[in-house]
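Asker: My structure is in final01.txt, and what it holds is compact mmCIF, C-alpha atoms and all ligand atoms:
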```txt
# COMPACT_ATOMS: atom_id res chain seq x y z
CA MET A 3 90.53 84.28 94.77
CA ALA A 4 87.10 82.63 95.17
CA ILE A 5 85.39 83.50 98.45
CA LEU A 6 82.49 81.39 99.71
CA LEU A 7 79.86 83.80 100.91
CA ASP A 8 77.72 82.99 103.90
CA MET A 9 74.24 83.89 102.65
CA THR A 10 72.74 83.44 106.12
CA ARG A 11 74.25 86.82 107.06
CA THR A 12 72.20 89.81 106.03
CA HIS A 13 74.98 91.88 104.43
CA VAL A 14 76.99 90.21 101.68
CA PRO A 15 80.42 91.85 101.34
CA VAL A 16 80.95 93.21 97.85
CA LEU A 17 84.07 92.42 95.76
CA ALA A 18 85.39 90.51 98.77
CA GLY A 19 87.77 88.16 96.95
CA GLU A 20 89.09 90.98 94.79
CA LEU A 21 89.73 93.21 97.83
CA ILE A 22 91.58 90.41 99.64
CA ASP A 23 93.63 89.58 96.54
CA LEU A 24 94.68 93.21 96.05
CA LEU A 25 95.38 94.09 99.68
CA ASP A 26 96.93 90.69 100.43
CA PRO A 27 96.63 90.74 104.26
CA ARG A 28 99.38 88.63 105.86
CA PRO A 29 99.85 87.03 109.29
CA GLY A 30 100.75 89.55 111.96
CA GLU A 31 99.75 92.65 109.99
CA THR A 32 97.74 95.63 111.23
CA ALA A 33 94.59 96.53 109.30
CA VAL A 34 92.06 99.37 109.48
CA ASP A 35 88.50 98.66 108.28
CA CYS A 36 86.99 102.15 107.98
CA THR A 37 83.43 100.95 107.30
CA PHE A 38 82.80 97.94 109.56
CA GLY A 39 79.07 97.47 108.74
CA ALA A 40 78.37 93.79 109.43
CA GLY A 41 82.07 92.92 109.42
CA GLY A 42 81.97 90.89 106.20
CA HIS A 43 85.26 92.20 104.82
CA ALA A 44 86.66 92.53 108.33
CA ARG A 45 86.12 88.83 109.02
CA LEU A 46 88.07 87.82 105.93
CA VAL A 47 90.91 90.18 106.83
CA ALA A 48 90.91 88.97 110.46
CA GLU A 49 91.30 85.38 109.33
CA ARG A 50 94.26 86.33 107.13
CA ILE A 51 96.15 88.42 109.69
CA GLY A 52 95.55 85.75 112.35
CA PRO A 53 96.33 85.73 116.09
CA ALA A 54 99.41 87.95 115.73
CA GLY A 55 97.50 90.58 113.73
CA THR A 56 95.52 93.64 114.82
CA LEU A 57 92.30 94.83 113.23
CA ILE A 58 90.90 98.28 113.99
CA CYS A 59 87.33 98.85 112.82
CA ILE A 60 85.50 102.15 112.43
CA ASP A 61 81.80 102.87 111.84
CA ARG A 62 79.60 105.80 112.76
CA ASP A 63 76.45 103.71 113.09
CA PRO A 64 75.66 102.53 116.64
CA ALA A 65 74.07 99.39 115.14
CA ALA A 66 77.51 98.44 113.76
CA ALA A 67 79.00 99.08 117.19
CA ASP A 68 76.40 96.71 118.68
CA ARG A 69 77.46 93.94 116.28
CA PHE A 70 81.15 94.41 116.94
CA ASP A 71 81.49 92.60 120.32
CA GLU A 72 80.16 89.35 118.88
CA PHE A 73 82.46 89.75 115.88
CA ALA A 74 85.47 90.40 118.11
CA ALA A 75 84.77 87.27 120.12
CA GLU A 76 84.72 85.15 116.96
CA VAL A 77 87.83 86.33 115.09
CA PRO A 78 91.38 85.20 115.88
CA CYS A 79 93.15 88.60 115.91
CA GLU A 80 93.35 91.48 118.34
CA THR A 81 90.56 93.97 117.65
CA ARG A 82 89.50 97.51 118.48
CA PHE A 83 86.39 99.49 117.50
CA LEU A 84 86.00 103.23 117.03
CA ARG A 85 82.45 104.50 116.74
CA ALA A 86 83.22 107.59 114.71
CA GLU A 87 82.96 109.28 111.39
CA PHE A 88 85.78 107.59 109.47
CA ALA A 89 87.81 110.77 108.90
CA THR A 90 87.65 111.48 112.65
CA GLY A 91 88.64 107.91 113.50
CA LEU A 92 91.52 107.94 111.03
CA ARG A 93 92.76 111.28 112.33
CA MET A 94 92.78 109.86 115.83
CA LEU A 95 94.76 106.81 114.65
CA ARG A 96 97.22 108.98 112.76
CA ASP A 97 97.72 111.20 115.82
CA GLU A 98 98.38 108.06 117.89
CA GLY A 99 101.16 107.26 115.40
CA LEU A 100 99.55 104.14 113.97
CA GLN A 101 101.49 102.50 111.12
CA ALA A 102 99.04 100.17 109.40
CA ASP A 103 99.74 97.60 106.70
CA LEU A 104 96.34 97.95 105.10
CA ALA A 105 93.32 100.21 105.22
CA TYR A 106 90.10 99.99 103.25
CA LEU A 107 86.73 101.68 102.83
CA ASP A 108 83.55 100.06 101.54
CA LEU A 109 81.42 103.14 101.00
CA GLY A 110 77.71 103.84 101.21
CA VAL A 111 75.00 102.14 103.23
CA SER A 112 74.82 98.54 104.37
CA SER A 113 71.95 96.18 103.64
CA MET A 114 71.09 96.29 107.35
CA GLN A 115 70.69 100.06 107.19
CA LEU A 116 68.46 99.76 104.12
CA ASP A 117 66.43 97.00 105.77
CA ALA A 118 65.99 98.86 109.08
CA TRP A 119 62.75 100.36 107.77
CA GLU A 120 62.39 102.86 110.61
CA ARG A 121 65.61 104.64 109.58
CA GLY A 122 64.07 105.93 106.38
CA PHE A 123 66.86 104.94 103.95
CA SER A 124 64.54 102.95 101.72
CA TYR A 125 61.74 104.08 99.43
CA SER A 126 60.25 100.60 99.86
CA TYR A 127 59.05 101.19 103.44
CA ASP A 128 56.91 103.89 104.99
CA ALA A 129 59.06 105.53 107.67
CA PRO A 130 59.93 108.93 109.10
CA LEU A 131 62.27 110.92 106.84
CA ASP A 132 65.61 110.31 108.56
CA MET A 133 68.50 108.65 106.61
CA ARG A 134 71.19 109.44 109.19
CA MET A 135 73.93 106.83 109.50
CA ASP A 136 74.80 108.46 112.82
CA PRO A 137 71.54 109.14 114.69
CA ASP A 138 73.38 111.60 116.96
CA GLN A 139 73.94 114.11 114.18
CA SER A 140 71.34 116.84 113.82
CA LEU A 141 70.81 117.09 110.04
CA ASP A 142 68.28 114.55 108.79
CA ALA A 143 66.28 114.00 105.60
CA ARG A 144 63.23 115.76 107.06
CA GLN A 145 65.18 119.00 107.39
CA VAL A 146 66.60 118.76 103.89
CA VAL A 147 63.23 118.05 102.31
CA ASN A 148 61.33 120.71 104.27
CA GLU A 149 63.89 123.48 104.75
CA TRP A 150 66.11 123.61 101.68
CA ASP A 151 64.92 126.05 99.03
CA GLU A 152 63.67 124.79 95.70
CA ARG A 153 66.86 125.58 93.81
CA ARG A 154 69.11 123.90 96.35
CA LEU A 155 66.94 120.77 96.28
CA ALA A 156 66.95 120.69 92.49
CA ASN A 157 70.74 121.06 92.41
CA ALA A 158 71.19 118.26 94.91
CA PHE A 159 68.88 115.90 93.00
CA ARG A 160 70.83 116.59 89.81
CA THR A 161 74.35 116.51 91.26
CA TYR A 162 74.04 113.59 93.65
CA GLY A 163 71.26 111.60 92.02
CA ASP A 164 71.68 112.40 88.32
CA GLU A 165 67.90 112.98 88.33
CA ARG A 166 66.76 114.61 85.11
CA PHE A 167 63.37 115.62 86.55
CA ASN A 168 65.19 117.38 89.39
CA LYS A 169 63.47 120.75 88.92
CA GLN A 170 59.99 119.28 88.62
CA ILE A 171 60.49 117.15 91.74
CA ALA A 172 61.88 120.06 93.78
CA ARG A 173 58.93 122.22 92.67
CA GLU A 174 56.41 119.53 93.65
CA ILE A 175 58.04 119.04 97.08
CA VAL A 176 57.92 122.79 97.76
CA ARG A 177 54.28 122.98 96.59
CA ARG A 178 53.24 120.15 98.91
CA ARG A 179 55.20 121.31 101.95
CA ARG A 180 53.48 124.74 101.80
CA LYS A 181 50.33 122.90 102.93
CA SER A 182 52.10 120.74 105.53
CA PRO A 183 55.65 119.43 106.01
CA LEU A 184 56.56 116.13 104.41
CA GLU A 185 57.15 113.73 107.29
CA THR A 186 57.53 110.29 105.77
CA THR A 187 59.27 108.40 103.00
CA SER A 188 55.85 107.62 101.48
CA GLU A 189 54.97 111.30 101.26
CA LEU A 190 58.29 111.94 99.53
CA VAL A 191 57.74 109.04 97.12
CA ASP A 192 54.25 110.42 96.32
CA ALA A 193 55.71 113.85 95.53
CA ILE A 194 58.36 112.29 93.27
CA ARG A 195 55.77 110.16 91.46
CA ALA A 196 53.55 113.20 90.95
CA ALA A 197 56.43 115.16 89.40
CA ILE A 198 57.67 112.55 86.91
CA PRO A 199 55.49 112.16 83.80
CA ALA A 200 53.59 108.85 83.84
CA PRO A 201 54.96 107.56 80.49
CA VAL A 202 58.51 108.07 81.80
CA GLN A 203 57.67 106.20 85.00
CA ARG A 204 56.43 103.26 82.94
CA GLN A 205 59.87 103.11 81.29
CA PHE A 206 61.63 102.61 84.64
CA GLY A 207 61.10 98.86 84.32
CA GLY A 208 62.45 97.24 87.50
CA GLY A 209 63.89 100.51 88.83
CA HIS A 210 62.00 102.72 91.27
CA PRO A 211 61.27 106.35 90.30
CA ALA A 212 62.38 107.55 93.76
CA LYS A 213 65.74 105.78 93.71
CA ARG A 214 67.82 108.71 92.50
CA VAL A 215 66.28 111.30 94.79
CA PHE A 216 66.65 109.03 97.81
CA GLN A 217 70.31 108.49 96.92
CA ALA A 218 70.84 112.25 96.58
CA ILE A 219 69.24 113.04 99.93
CA ARG A 220 71.20 110.26 101.67
CA ILE A 221 74.48 111.61 100.27
CA VAL A 222 73.62 115.12 101.44
CA VAL A 223 72.41 114.10 104.91
CA ASN A 224 75.54 112.05 105.58
CA ASP A 225 77.94 114.41 103.76
CA GLU A 226 79.26 111.31 102.03
CA LEU A 227 81.51 113.09 99.53
CA GLY A 228 82.93 115.54 102.09
CA SER A 229 83.72 112.62 104.40
CA LEU A 230 85.46 110.74 101.60
CA ASP A 231 87.56 113.77 100.62
CA GLN A 232 88.77 114.10 104.20
CA ALA A 233 89.29 110.39 104.78
CA LEU A 234 91.41 109.47 101.75
CA PRO A 235 94.54 111.45 102.73
CA LEU A 236 94.15 110.36 106.36
CA ALA A 237 93.86 106.69 105.37
CA TRP A 238 97.01 107.17 103.28
CA ASP A 239 98.80 108.79 106.23
CA VAL A 240 98.16 105.86 108.58
CA LEU A 241 99.79 103.40 106.15
CA ARG A 242 103.42 102.45 106.59
CA PRO A 243 105.56 102.20 103.44
CA THR A 244 104.44 99.04 101.56
CA GLY A 245 100.96 99.51 103.11
CA ARG A 246 97.92 98.99 100.86
CA LEU A 247 94.77 101.11 100.50
CA GLY A 248 91.55 99.79 98.92
CA VAL A 249 88.30 101.65 98.28
CA ILE A 250 85.00 100.22 97.07
CA SER A 251 82.65 102.90 95.78
CA PHE A 252 79.12 102.76 94.43
CA HIS A 253 78.68 105.77 92.19
CA SER A 254 80.74 107.83 89.81
CA LEU A 255 81.09 110.85 92.13
CA GLU A 256 82.87 108.66 94.66
CA ASP A 257 84.87 106.68 92.13
CA ARG A 258 86.13 109.83 90.43
CA ARG A 259 87.50 111.11 93.74
CA VAL A 260 89.22 107.82 94.52
CA LYS A 261 90.68 107.57 91.02
CA ARG A 262 92.04 111.12 91.17
CA PHE A 263 93.45 110.66 94.67
CA LEU A 264 95.33 107.48 93.76
CA ALA A 265 96.53 108.89 90.42
CA ASP A 266 97.93 111.96 92.23
CA ARG A 267 99.82 109.73 94.66
CA GLY A 268 101.14 107.63 91.78
CA ARG A 269 102.41 110.61 89.79
CA GLY A 270 106.04 111.78 89.85
CA CYS A 271 107.25 115.17 88.63
CA ILE A 272 104.48 117.74 88.16
CA CYS A 273 106.64 120.48 86.59
CA PRO A 274 105.32 122.12 83.39
CA PRO A 275 106.59 120.11 80.38
CA ASP A 276 108.56 123.08 78.99
CA LEU A 277 110.89 123.21 82.04
CA PRO A 278 114.28 121.67 81.13
CA VAL A 279 114.82 120.19 84.63
CA CYS A 280 112.50 119.13 87.42
CA VAL A 281 112.12 121.76 90.12
CA CYS A 282 109.19 120.24 92.00
CA GLY A 283 111.14 117.23 93.26
CA LYS A 284 107.96 115.17 93.51
CA THR A 285 108.46 111.44 93.27
CA PRO A 286 105.65 108.84 93.09
CA GLU A 287 104.35 107.77 96.50
CA ALA A 288 102.09 105.01 95.25
CA ASP A 289 102.05 102.03 93.01
CA VAL A 290 98.47 102.05 91.74
CA LEU A 291 97.40 98.39 91.73
CA THR A 292 94.27 98.90 89.61
CA SER A 293 94.89 100.53 86.22
CA ARG A 294 91.12 100.25 85.72
CA ALA A 295 88.53 99.98 88.46
CA VAL A 296 87.70 96.38 89.34
CA ALA A 297 84.00 95.57 88.84
CA PRO A 298 82.01 92.60 90.14
CA THR A 299 81.65 89.54 87.93
CA PRO A 300 78.21 88.81 86.39
CA GLY A 301 78.03 85.91 88.87
CA GLU A 302 78.47 88.22 91.85
CA VAL A 303 75.86 90.66 90.48
CA ALA A 304 73.39 87.77 90.00
CA GLN A 305 74.02 86.57 93.55
CA ASN A 306 74.07 90.06 95.10
CA PRO A 307 72.34 92.74 92.94
CA ARG A 308 73.58 95.45 95.35
CA SER A 309 77.09 94.89 93.97
CA LYS A 310 76.05 96.00 90.47
CA SER A 311 77.54 99.49 90.56
CA ALA A 312 80.54 98.67 92.78
CA LYS A 313 84.05 99.68 91.75
CA LEU A 314 87.25 98.81 93.56
CA ARG A 315 90.52 100.70 93.31
CA ALA A 316 93.70 100.08 95.29
CA ALA A 317 97.27 101.29 95.66
CA ARG A 318 100.44 100.32 97.53
CA LYS A 319 102.50 102.94 99.32
CA LEU A 320 106.04 103.03 98.00
CA GLU A 321 109.08 103.00 100.21
CA GLY A 322 110.89 106.33 100.07
CA GLY A 323 108.05 108.12 98.23
CA GLN A 324 107.67 111.77 99.03
CA ALA A 325 104.55 113.44 100.41
C1 LIG A 401 78.65 99.23 102.75
S1 LIG A 401 78.65 99.18 104.46
C2 LIG A 401 80.10 98.27 104.86
C3 LIG A 401 79.88 96.81 104.89
C4 LIG A 401 81.08 96.01 105.37
N1 LIG A 401 82.23 96.17 104.52
C5 LIG A 401 80.72 94.55 105.47
O1 LIG A 401 81.31 93.73 104.75
O2 LIG A 401 79.85 94.21 106.28
C6 LIG A 401 79.16 100.79 104.88
C7 LIG A 401 79.28 101.04 106.38
O3 LIG A 401 80.09 102.17 106.52
C8 LIG A 401 79.52 103.05 107.44
N2 LIG A 401 79.88 104.39 107.01
C9 LIG A 401 79.59 104.99 105.83
N3 LIG A 401 80.12 106.21 105.79
C10 LIG A 401 80.79 106.38 106.96
C11 LIG A 401 81.56 107.45 107.50
N4 LIG A 401 81.73 108.60 106.84
N5 LIG A 401 82.13 107.27 108.71
C12 LIG A 401 81.95 106.12 109.39
N6 LIG A 401 81.22 105.08 108.94
C13 LIG A 401 80.65 105.21 107.73
C14 LIG A 401 78.03 102.82 107.38
O4 LIG A 401 77.44 103.14 108.62
C15 LIG A 401 77.97 101.33 107.05
O5 LIG A 401 77.84 100.56 108.22
```
Any chance you could put this one into C-alpha cells?
Ligand SMILES: C[S@@+](CC[C@H](N)C(=O)[O-])C[C@H]1O[C@@H](n2cnc3c(N)ncnc32)[C@H](O)[C@@H]1O
Answerer:
Amino acid sequence: MAILLDMTRTHVPVLAGELIDLLDPRPGETAVDCTFGAGGHARLVAERIGPAGTLICIDRDPAAADRFDEFAAEVPCETRFLRAEFATGLRMLRDEGLQADLAYLDLGVSSMQLDAWERGFSYSYDAPLDMRMDPDQSLDARQVVNEWDERRLANAFRTYGDERFNKQIAREIVRRRRKSPLETTSELVDAIRAAIPAPVQRQFGGGHPAKRVFQAIRIVVNDELGSLDQALPLAWDVLRPTGRLGVISFHSLEDRRVKRFLADRGRGCICPPDLPVCVCGKTPEADVLTSRAVAPTPGEVAQNPRSKSAKLRAARKLEGGQA
C-alpha cells in the first residue's frame, strides 16, 4: 500500500504502508500504539478504524503527551493517552481486561527527540549529557559517562553500539573525567575522537565517529532492551484472538528479540524429537506474518534516511492457541 507522507511534519513514520498492510486495521477496531511519538502511525491507524474505533496511545516522553491533545482533536476515532513506560502502560491495559485488535511498537527515538538539542540525544549539538526519554527518571547520560567504571563502559559500547574501539574510548573518558566530569555532548564527542585513530576516522565517510557510542549510551540510559523484553509478552496479552502485533526495530539487538519472541509464539510442540508422543501439549499461538523482516524500499530510505536500518515483523494471534 502506498502512503503519501506529509513532509511538513517533523517525524516521518517509518515503514508506514507496510505496517498498515500487515496489521490491516478495520472500522470499529481497538488499537494500541505503544510508541506515539508524533502520531504518524497512529494517524493512519485512526483513519482506518474510524469513528467506531478506539485508539490507545502510550509514550513516556512528556513532549509526546503535549502533542497528543491536538492529534486527538483531529482524528475520527475515540482516543486515550497513557504517559508511561510502554510495559507499564500495557500492564495497566491488560489488568483492565483490554482486548485489542492490534498493537504495535515503533522503537527507538523520534526525530523530534533527536532535534531537541537540549536533550542531548544528538552528537550534532552541544548540550548537557542527558538522553532520557522520560525526564522524570533519575539515570541520565551524565551519570553513565562519569560514574560507570571503565570496564562497564567498554562493555556497553561494544554490546549496544558494536564499537570496536570500545576499550580505547572508555579509557579516554575515564582519563578525562579524573580531571573534571564530562558535562556535555561536545566533551564526550571530543573524548571519542581522541580515542579513535585518525586514519580510521577518515574512513567513516558520511558517518560520525560518535554515532555508536551515543547509541549505546542512549540504550543504557533508557533501558531500551529491558523495556522491550517486558513489553512484548504484555502486548501479546492485550490482543484478542485474531489480533495483530507489529514491531519496527532499528538495530539487530532489538530485531533478534522480536524475531525470537514471534517464533516462540508460532511454534507448536517443543518436546525433544526422540519422544514418541507429544507430552508438552503446546500448540502454536501465532501465525507469523513476516517470514523475513520487512525492510524499507530504496525509495523510502532516499526520502527518509532514518529508515535505513528499520525492520518490521508482525504476527496474528490464533484462535484457540495455547499460552
Ligand atoms: C520512533 S518514535 C515513534 C514515532 C511514531 N511511530 C510516529 O509515527 O510518530 C518512538 C517513540 O517511542 C517512545 N518510546 C520509546 N521507548 C519507550 C518506552 N519504553 N516506553 C514508552 N515510550 C517509549 C519515545 O519517547 C518516542 O516518542
Asker: Report as a Markdown table: every residue of stretch 27-48 of chain A with an atom at most 9 Å from stretch 72-76 of chain A, its closest pair of atoms, and their distance in Å to one decimal, counting all atoms listed in the file, with rows sorted by chain and ascending residue number.
Answerer:
```
| residue | atom | partner | partner_atom | distance |
| --- | --- | --- | --- | --- |
| A:Ala40 | CA | A:Phe73 | CA | 8.6 |
| A:Gly41 | CA | A:Phe73 | CA | 7.2 |
| A:Arg45 | CA | A:Phe73 | CA | 7.8 |
```
Asker: With a cut-off of 6 Å, could you pull out the residues of chain A touching ligand LIG 401 (chain A) and give me the nearest pair of atoms for each, distance in Å to one decimal, using all atoms listed in the file, ordered by chain and ascending number, as a Markdown table?
Answerer:
```
| residue | atom | partner | partner_atom | distance |
| --- | --- | --- | --- | --- |
| A:His13 | CA | A:LIG401 | O2 | 5.7 |
| A:Pro15 | CA | A:LIG401 | O1 | 4.0 |
| A:Thr37 | CA | A:LIG401 | O3 | 3.6 |
| A:Phe38 | CA | A:LIG401 | C4 | 4.9 |
| A:Gly39 | CA | A:LIG401 | O5 | 3.4 |
| A:Ala40 | CA | A:LIG401 | O2 | 3.5 |
| A:Gly41 | CA | A:LIG401 | O2 | 4.1 |
| A:Gly42 | CA | A:LIG401 | O1 | 3.3 |
| A:His43 | CA | A:LIG401 | O1 | 4.2 |
| A:Asp61 | CA | A:LIG401 | N6 | 3.7 |
| A:Arg62 | CA | A:LIG401 | C12 | 4.1 |
| A:Asp63 | CA | A:LIG401 | O4 | 4.6 |
| A:Ala66 | CA | A:LIG401 | O5 | 5.9 |
| A:Ala86 | CA | A:LIG401 | C12 | 5.7 |
| A:Glu87 | CA | A:LIG401 | N5 | 3.5 |
| A:Phe88 | CA | A:LIG401 | N5 | 3.7 |
| A:Asp108 | CA | A:LIG401 | N1 | 5.1 |
| A:Leu109 | CA | A:LIG401 | C6 | 5.1 |
| A:Gly110 | CA | A:LIG401 | C1 | 5.0 |
| A:Val111 | CA | A:LIG401 | C6 | 4.7 |
| A:Ser112 | CA | A:LIG401 | S1 | 3.9 |
| A:Met135 | CA | A:LIG401 | O4 | 5.2 |
| A:Ser229 | CA | A:LIG401 | N4 | 5.1 |
```
Asker: Between A:Gln217, A:Ser293, A:Ser251, A:Ser140, which has the minimum distance to A:Ala265 (counting all atoms listed in the file)?
Answerer: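 That would be A:Ser293, the residue with the smallest distance to A:Ala265.
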Asker: Draw an axis-aligned box tight on the listed atoms of stretch 14-31 of chain A, then pad every side by 3 Å and write out centre and edge lengths in Å to one decimal as JSON.
Answerer:
```
{"center_x": 88.9, "center_y": 90.6, "center_z": 103.4, "size_x": 29.8, "size_y": 13.1, "size_z": 23.2}
```
Asker: For a cutoff of 12 Å around the file-coordinate point (79.6, 95.0, 93.0), which residues qualify once you count all atoms listed in the file? I'd like the result as an MDAnalysis selection string.
Answerer: chainID A and resid 14:21 108:109 250:253 295:314
Asker: When distances are computed from all atoms listed in the file, which of A:Leu184, A:Leu24, A:Leu131, A:Val202 shows the smallest separation from A:Phe216?
Answerer: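 When distances to A:Phe216 are compared using all atoms listed in the file, the smallest one comes from A:Leu131.
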Asker: Find the residues around stretch 225-227 of chain A up to 9 Å (all atoms listed in the file counted), leave out those fewer than 2 positions away in its own chain, and share them as a list in words.
Answerer: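 Counting all atoms listed in the file, the residues come to Leu109, Gly110, Arg220, Ile221, Val222, Val223, Ser229, Leu230, Asp231, Gln232, Leu255, Glu256 and Arg259 of chain A.
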Asker: I need the residue nearest A:Phe83 from this list: A:Ser124, A:Thr187, A:Thr56, A:Gln101. Use all atoms listed in the file for the distance.
Answerer: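 Of all the options, A:Thr56 lies closest to A:Phe83.
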Asker: Grab the atom CA of A:Glu149 to atom CA of A:Asp117 distance for me, in Å with one decimal place.
Answerer: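 Atom-to-atom, atom CA of A:Glu149 and atom CA of A:Asp117 are spaced 26.6 Å apart.
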Asker: Report the distance between atom CA of A:His210 and atom CA of A:Trp119 in Å, rounded to one decimal place.
Answerer: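 Pair atom CA of A:His210 / atom CA of A:Trp119 returns 16.7 Å.
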Asker: Using all atoms listed in the file, find the one residue out of A:Ile171, A:Ala89, A:Ala65, A:Val249 that sits nearest to A:Pro211.
Answerer: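 The closest residue to A:Pro211 is A:Ile171.
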Asker: N, CA and C atoms for stretch 146-171 of chain A, written as an mmCIF file, keeping the file's coordinate frame, could you do that?
Answerer:
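Output file rebuild_39.cif follows:
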```cif
data_model
loop_
_atom_site.group_PDB
_atom_site.id
_atom_site.type_symbol
_atom_site.label_atom_id
_atom_site.label_comp_id
_atom_site.auth_asym_id
_atom_site.auth_seq_id
_atom_site.Cartn_x
_atom_site.Cartn_y
_atom_site.Cartn_z
ATOM 1 N N VAL A 146 66.224 118.467 105.274
ATOM 2 C CA VAL A 146 66.600 118.760 103.890
ATOM 3 C C VAL A 146 65.347 118.951 103.049
ATOM 4 N N VAL A 147 64.418 118.023 103.161
ATOM 5 C CA VAL A 147 63.230 118.050 102.310
ATOM 6 C C VAL A 147 62.341 119.257 102.630
ATOM 7 N N ASN A 148 62.276 119.649 103.893
ATOM 8 C CA ASN A 148 61.330 120.710 104.270
ATOM 9 C C ASN A 148 61.942 122.102 104.399
ATOM 10 N N GLU A 149 63.287 122.168 104.494
ATOM 11 C CA GLU A 149 63.890 123.480 104.750
ATOM 12 C C GLU A 149 64.766 123.997 103.628
ATOM 13 N N TRP A 150 65.278 123.127 102.779
ATOM 14 C CA TRP A 150 66.110 123.610 101.680
ATOM 15 C C TRP A 150 65.224 124.292 100.641
ATOM 16 N N ASP A 151 65.751 125.382 100.033
ATOM 17 C CA ASP A 151 64.920 126.050 99.030
ATOM 18 C C ASP A 151 64.897 125.220 97.739
ATOM 19 N N GLU A 152 63.948 125.596 96.889
ATOM 20 C CA GLU A 152 63.670 124.790 95.700
ATOM 21 C C GLU A 152 64.929 124.577 94.836
ATOM 22 N N ARG A 153 65.677 125.653 94.667
ATOM 23 C CA ARG A 153 66.860 125.580 93.810
ATOM 24 C C ARG A 153 67.925 124.644 94.380
ATOM 25 N N ARG A 154 68.091 124.736 95.699
ATOM 26 C CA ARG A 154 69.110 123.900 96.350
ATOM 27 C C ARG A 154 68.711 122.408 96.248
ATOM 28 N N LEU A 155 67.416 122.157 96.421
ATOM 29 C CA LEU A 155 66.940 120.770 96.280
ATOM 30 C C LEU A 155 67.178 120.270 94.859
ATOM 31 N N ALA A 156 66.801 121.106 93.890
ATOM 32 C CA ALA A 156 66.950 120.690 92.490
ATOM 33 C C ALA A 156 68.412 120.413 92.160
ATOM 34 N N ASN A 157 69.305 121.268 92.651
ATOM 35 C CA ASN A 157 70.740 121.060 92.410
ATOM 36 C C ASN A 157 71.213 119.749 93.021
ATOM 37 N N ALA A 158 70.763 119.497 94.234
ATOM 38 C CA ALA A 158 71.190 118.260 94.910
ATOM 39 C C ALA A 158 70.685 117.028 94.155
ATOM 40 N N PHE A 159 69.442 117.074 93.701
ATOM 41 C CA PHE A 159 68.880 115.900 93.000
ATOM 42 C C PHE A 159 69.661 115.645 91.700
ATOM 43 N N ARG A 160 70.087 116.736 91.068
ATOM 44 C CA ARG A 160 70.830 116.590 89.810
ATOM 45 C C ARG A 160 72.256 116.106 90.080
ATOM 46 N N THR A 161 72.919 116.797 91.026
ATOM 47 C CA THR A 161 74.350 116.510 91.260
ATOM 48 C C THR A 161 74.555 115.138 91.884
ATOM 49 N N TYR A 162 73.763 114.819 92.892
ATOM 50 C CA TYR A 162 74.040 113.590 93.650
ATOM 51 C C TYR A 162 73.156 112.415 93.237
ATOM 52 N N GLY A 163 72.138 112.688 92.437
ATOM 53 C CA GLY A 163 71.260 111.600 92.020
ATOM 54 C C GLY A 163 71.170 111.467 90.510
ATOM 55 N N ASP A 164 71.759 112.441 89.788
ATOM 56 C CA ASP A 164 71.680 112.400 88.320
ATOM 57 C C ASP A 164 70.219 112.337 87.865
ATOM 58 N N GLU A 165 69.346 113.030 88.606
ATOM 59 C CA GLU A 165 67.900 112.980 88.330
ATOM 60 C C GLU A 165 67.531 114.047 87.302
ATOM 61 N N ARG A 166 67.026 113.611 86.152
ATOM 62 C CA ARG A 166 66.760 114.610 85.110
ATOM 63 C C ARG A 166 65.462 115.374 85.356
ATOM 64 N N PHE A 167 64.569 114.861 86.198
ATOM 65 C CA PHE A 167 63.370 115.620 86.550
ATOM 66 C C PHE A 167 63.574 116.367 87.880
ATOM 67 N N ASN A 168 64.824 116.752 88.110
ATOM 68 C CA ASN A 168 65.190 117.380 89.390
ATOM 69 C C ASN A 168 64.362 118.630 89.687
ATOM 70 N N LYS A 169 64.182 119.484 88.662
ATOM 71 C CA LYS A 169 63.470 120.750 88.920
ATOM 72 C C LYS A 169 61.997 120.487 89.211
ATOM 73 N N GLN A 170 61.408 119.587 88.423
ATOM 74 C CA GLN A 170 59.990 119.280 88.620
ATOM 75 C C GLN A 170 59.755 118.678 90.018
ATOM 76 N N ILE A 171 60.652 117.802 90.422
ATOM 77 C CA ILE A 171 60.490 117.150 91.740
ATOM 78 C C ILE A 171 60.648 118.178 92.863
#
```
